[in-house]
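Engineer: Below is the structure I would like to discuss, written out as structure tokens.
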Amino acid sequence: MFGKKKHQQQQGPLAATLDWRDIRMFSAAPGGGETGVTDELRRRCAGLTPVWAAPAKGMVPRWGLAAFVDAPVEGPKADGAFGLFTDPEYQRPICRLLEPEIDGDSGLRYTATDERGETIGTITKVAPTRRPFKHTWRITTPDGLSVQGRNAWATKQRHVREARGYLNPLTYVVGAADDSSWATGNRGRELFWVDPADDSRRANTTYLMSSTSADFARLTDQGAGLLDRRLALLAVIGEARSLDLKPPTPPV
């Protein structure tokens, strides 16, 4: 009885099972969300671009299906519009990035909209400069919050996090469950998303979100309280599409 009910649930209409408002970690990579995602669900998502997510941090985070992207995330560079939907037929939208406009010195500015087409913020792809560690992406909200995605190697955040990790014995337990390196080998670049207006003493060691392209992204406690999850999803996936991402190499 119980087995039959579970089988029927898996064979029902394919749709997102997690509310985007609750997610804290997410991945749009084929190998993402390994913990708690069944092989049957992965087979049903074949040929689609699902977003796997987990609602909260923990010793063994449970991952589920949060959205579907209506455009490829991997492959050649792409700067065009794309959207997130709760269904694979793309009939029930969550949010969307519109076609970009030129911003400043050849940068691209995207308008982010909700399911009704109303603006929820902008996401800017900053034009490259001679400064190798200049921030590459910027999220701006209607209430004036600006969040910059900066190369992790140019910030103190990465070094502080790694130092804490070496000193924390739980790192080796938790890391096996939810770190970005287990499935994809960190194919993209790692960004730390920070609030440039924060001039507190802890500003250089705190951040709102970290991401490694579409392979893995994590909102911090501070980020979960400030950053719209839809803008976080759109920014991370948009950054991944701007790279030339190759499919992950299957394990030997």
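Going by the structure tokens order, chains are called A, B, ..., each with residues numbered from 1, while ligands are numbered from 1 in the order shown.
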Got a sec: who's within 9 Å of range 239-246 of chain A, counting only C-alpha atoms, leaving out chain neighbours fewer than 2 positions off, as a VMD selection string?

Structural biologist: chain A and resid 72 to 80 125 136 to 137 187 to 189 212 to 215 234 to 237 248 to 249

Engineer: Emit the selected residues as a PDB file, in the first residue's frame, including N, CA and C atoms.

Structural biologist:
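Resulting contents of result.pdb:
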```
ATOM      1  N   PRO A  72      19.034  26.646 -21.819  1.00  0.00           N
ATOM      2  CA  PRO A  72      20.192  25.870 -21.358  1.00  0.00           C
ATOM      3  C   PRO A  72      21.074  26.683 -20.425  1.00  0.00           C
ATOM      4  N   VAL A  73      21.619  26.017 -19.410  1.00  0.00           N
ATOM      5  CA  VAL A  73      22.543  26.653 -18.484  1.00  0.00           C
ATOM      6  C   VAL A  73      23.980  26.337 -18.871  1.00  0.00           C
ATOM      7  N   GLU A  74      24.204  25.127 -19.371  1.00  0.00           N
ATOM      8  CA  GLU A  74      25.536  24.731 -19.814  1.00  0.00           C
ATOM      9  C   GLU A  74      25.695  24.957 -21.305  1.00  0.00           C
ATOM     10  N   GLY A  75      26.965  24.977 -21.745  1.00  0.00           N
ATOM     11  CA  GLY A  75      27.235  25.100 -23.170  1.00  0.00           C
ATOM     12  C   GLY A  75      27.864  26.434 -23.514  1.00  0.00           C
ATOM     13  N   PRO A  76      27.750  26.859 -24.769  1.00  0.00           N
ATOM     14  CA  PRO A  76      28.358  28.132 -25.199  1.00  0.00           C
ATOM     15  C   PRO A  76      27.800  29.314 -24.424  1.00  0.00           C
ATOM     16  N   LYS A  77      28.552  30.390 -24.397  1.00  0.00           N
ATOM     17  CA  LYS A  77      28.117  31.598 -23.696  1.00  0.00           C
ATOM     18  C   LYS A  77      26.776  32.084 -24.248  1.00  0.00           C
ATOM     19  N   ALA A  78      25.929  32.570 -23.347  1.00  0.00           N
ATOM     20  CA  ALA A  78      24.616  33.077 -23.747  1.00  0.00           C
ATOM     21  C   ALA A  78      24.239  34.245 -22.856  1.00  0.00           C
ATOM     22  N   ASP A  79      23.762  35.322 -23.456  1.00  0.00           N
ATOM     23  CA  ASP A  79      23.389  36.514 -22.702  1.00  0.00           C
ATOM     24  C   ASP A  79      21.899  36.833 -22.790  1.00  0.00           C
ATOM     25  N   GLY A  80      21.124  35.996 -23.470  1.00  0.00           N
ATOM     26  CA  GLY A  80      19.728  36.309 -23.692  1.00  0.00           C
ATOM     27  C   GLY A  80      18.833  36.085 -22.490  1.00  0.00           C
ATOM     28  N   LYS A 125      25.510  42.672 -15.655  1.00  0.00           N
ATOM     29  CA  LYS A 125      26.776  42.015 -15.969  1.00  0.00           C
ATOM     30  C   LYS A 125      27.787  43.113 -16.238  1.00  0.00           C
ATOM     31  N   THR A 136      32.060  41.303 -10.920  1.00  0.00           N
ATOM     32  CA  THR A 136      31.604  40.990 -12.274  1.00  0.00           C
ATOM     33  C   THR A 136      30.084  41.066 -12.437  1.00  0.00           C
ATOM     34  N   TRP A 137      29.329  41.018 -11.329  1.00  0.00           N
ATOM     35  CA  TRP A 137      27.878  41.071 -11.398  1.00  0.00           C
ATOM     36  C   TRP A 137      27.337  41.954 -10.275  1.00  0.00           C
ATOM     37  N   ARG A 187      33.471  23.816 -11.948  1.00  0.00           N
ATOM     38  CA  ARG A 187      33.844  24.124 -13.326  1.00  0.00           C
ATOM     39  C   ARG A 187      33.890  25.618 -13.603  1.00  0.00           C
ATOM     40  N   GLY A 188      33.107  26.404 -12.871  1.00  0.00           N
ATOM     41  CA  GLY A 188      33.057  27.840 -13.101  1.00  0.00           C
ATOM     42  C   GLY A 188      33.940  28.608 -12.138  1.00  0.00           C
ATOM     43  N   ARG A 189      33.618  29.873 -11.965  1.00  0.00           N
ATOM     44  CA  ARG A 189      34.377  30.707 -11.037  1.00  0.00           C
ATOM     45  C   ARG A 189      33.555  30.907  -9.774  1.00  0.00           C
ATOM     46  N   THR A 212      29.331  29.053  -7.114  1.00  0.00           N
ATOM     47  CA  THR A 212      30.278  28.579  -8.114  1.00  0.00           C
ATOM     48  C   THR A 212      29.476  28.299  -9.374  1.00  0.00           C
ATOM     49  N   SER A 213      29.289  29.361 -10.170  1.00  0.00           N
ATOM     50  CA  SER A 213      28.438  29.288 -11.354  1.00  0.00           C
ATOM     51  C   SER A 213      27.094  28.670 -10.979  1.00  0.00           C
ATOM     52  N   ALA A 214      26.570  27.809 -11.835  1.00  0.00           N
ATOM     53  CA  ALA A 214      25.291  27.165 -11.513  1.00  0.00           C
ATOM     54  C   ALA A 214      25.489  25.854 -10.769  1.00  0.00           C
ATOM     55  N   ASP A 215      26.753  25.503 -10.487  1.00  0.00           N
ATOM     56  CA  ASP A 215      27.020  24.241  -9.812  1.00  0.00           C
ATOM     57  C   ASP A 215      26.463  24.225  -8.395  1.00  0.00           C
ATOM     58  N   LEU A 234      18.219  34.062 -10.337  1.00  0.00           N
ATOM     59  CA  LEU A 234      18.440  34.632 -11.663  1.00  0.00           C
ATOM     60  C   LEU A 234      19.887  35.086 -11.842  1.00  0.00           C
ATOM     61  N   ALA A 235      20.467  35.683 -10.808  1.00  0.00           N
ATOM     62  CA  ALA A 235      21.840  36.179 -10.913  1.00  0.00           C
ATOM     63  C   ALA A 235      22.841  35.037 -11.059  1.00  0.00           C
ATOM     64  N   VAL A 236      22.686  34.003 -10.264  1.00  0.00           N
ATOM     65  CA  VAL A 236      23.630  32.880 -10.308  1.00  0.00           C
ATOM     66  C   VAL A 236      23.519  32.132 -11.640  1.00  0.00           C
ATOM     67  N   ILE A 237      22.305  31.881 -12.095  1.00  0.00           N
ATOM     68  CA  ILE A 237      22.120  31.181 -13.367  1.00  0.00           C
ATOM     69  C   ILE A 237      22.566  32.061 -14.531  1.00  0.00           C
ATOM     70  N   PRO A 248      29.877  18.222 -16.791  1.00  0.00           N
ATOM     71  CA  PRO A 248      30.815  17.612 -15.862  1.00  0.00           C
ATOM     72  C   PRO A 248      31.282  16.244 -16.355  1.00  0.00           C
ATOM     73  N   THR A 249      32.485  15.899 -16.032  1.00  0.00           N
ATOM     74  CA  THR A 249      33.028  14.600 -16.420  1.00  0.00           C
ATOM     75  C   THR A 249      32.484  13.516 -15.502  1.00  0.00           C
TER      76      THR A 249
END
```

Engineer: Find the residues near Pro50 in chain A: any atom within 8 Å, counting only C-alpha atoms, skip ones fewer than 6 places away on the same chain, and give them as a ChimeraX atom specification.

Structural biologist: /A:28,65-69

Engineer: Write the residues of the preceding selection, restricted to N, CA, C and O atoms, as a PDB file, in the first residue's frame.

Structural biologist:
```pdb
ATOM      1  N   ALA A  28      21.763  24.337 -10.435  1.00  0.00           N
ATOM      2  CA  ALA A  28      21.150  24.050 -11.729  1.00  0.00           C
ATOM      3  C   ALA A  28      22.065  23.168 -12.563  1.00  0.00           C
ATOM      4  O   ALA A  28      21.887  23.055 -13.777  1.00  0.00           O
ATOM      5  N   LEU A  65      13.091  19.596  -5.779  1.00  0.00           N
ATOM      6  CA  LEU A  65      12.937  20.311  -7.037  1.00  0.00           C
ATOM      7  C   LEU A  65      12.304  21.680  -6.783  1.00  0.00           C
ATOM      8  O   LEU A  65      11.212  21.775  -6.226  1.00  0.00           O
ATOM      9  N   ALA A  66      13.000  22.750  -7.182  1.00  0.00           N
ATOM     10  CA  ALA A  66      12.519  24.108  -6.902  1.00  0.00           C
ATOM     11  C   ALA A  66      12.007  24.826  -8.147  1.00  0.00           C
ATOM     12  O   ALA A  66      11.161  25.711  -8.032  1.00  0.00           O
ATOM     13  N   ALA A  67      12.524  24.497  -9.329  1.00  0.00           N
ATOM     14  CA  ALA A  67      12.123  25.238 -10.535  1.00  0.00           C
ATOM     15  C   ALA A  67      12.658  24.532 -11.772  1.00  0.00           C
ATOM     16  O   ALA A  67      13.460  23.587 -11.685  1.00  0.00           O
ATOM     17  N   PHE A  68      12.206  25.017 -12.928  1.00  0.00           N
ATOM     18  CA  PHE A  68      12.732  24.592 -14.227  1.00  0.00           C
ATOM     19  C   PHE A  68      13.164  25.839 -14.990  1.00  0.00           C
ATOM     20  O   PHE A  68      12.456  26.850 -14.994  1.00  0.00           O
ATOM     21  N   VAL A  69      14.335  25.769 -15.638  1.00  0.00           N
ATOM     22  CA  VAL A  69      14.832  26.879 -16.448  1.00  0.00           C
ATOM     23  C   VAL A  69      14.428  26.627 -17.897  1.00  0.00           C
ATOM     24  O   VAL A  69      14.585  25.509 -18.396  1.00  0.00           O
TER      25      VAL A  69
END
```

Engineer: CA of Ile23 in chain A to CA of Ala56 in chain A: how many Å, to one decimal?

Structural biologist: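 So the two atoms, CA of Ile23 in chain A and CA of Ala56 in chain A, lie 6.6 Å apart.
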
Engineer: Rounded to one decimal, what separation in Å do you get between CA of Leu97 in chain A and CA of Gly83 in chain A?

Structural biologist: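 It comes out at 6.1 Å.
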
Engineer: Using only C-alpha atoms for the distances, tell me which of A:Leu219, A:Ala112, A:Leu191, A:Ala152 is nearest to Pro55 in chain A.

Structural biologist: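 The closest residue to Pro55 in chain A is A:Leu219.
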
Engineer: Quote the spacing between CA of Asp195 in chain A and CA of Trp20 in chain A in Å to one decimal place.

Structural biologist: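 CA of Asp195 in chain A sits 21.8 Å away from CA of Trp20 in chain A.
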
Engineer: Go through A:Trp193, A:Trp63, A:Tyr207, A:Tyr90 and flag the residue nearest Leu231 in chain A, using only C-alpha atoms for the distances.

Structural biologist: A:Trp193
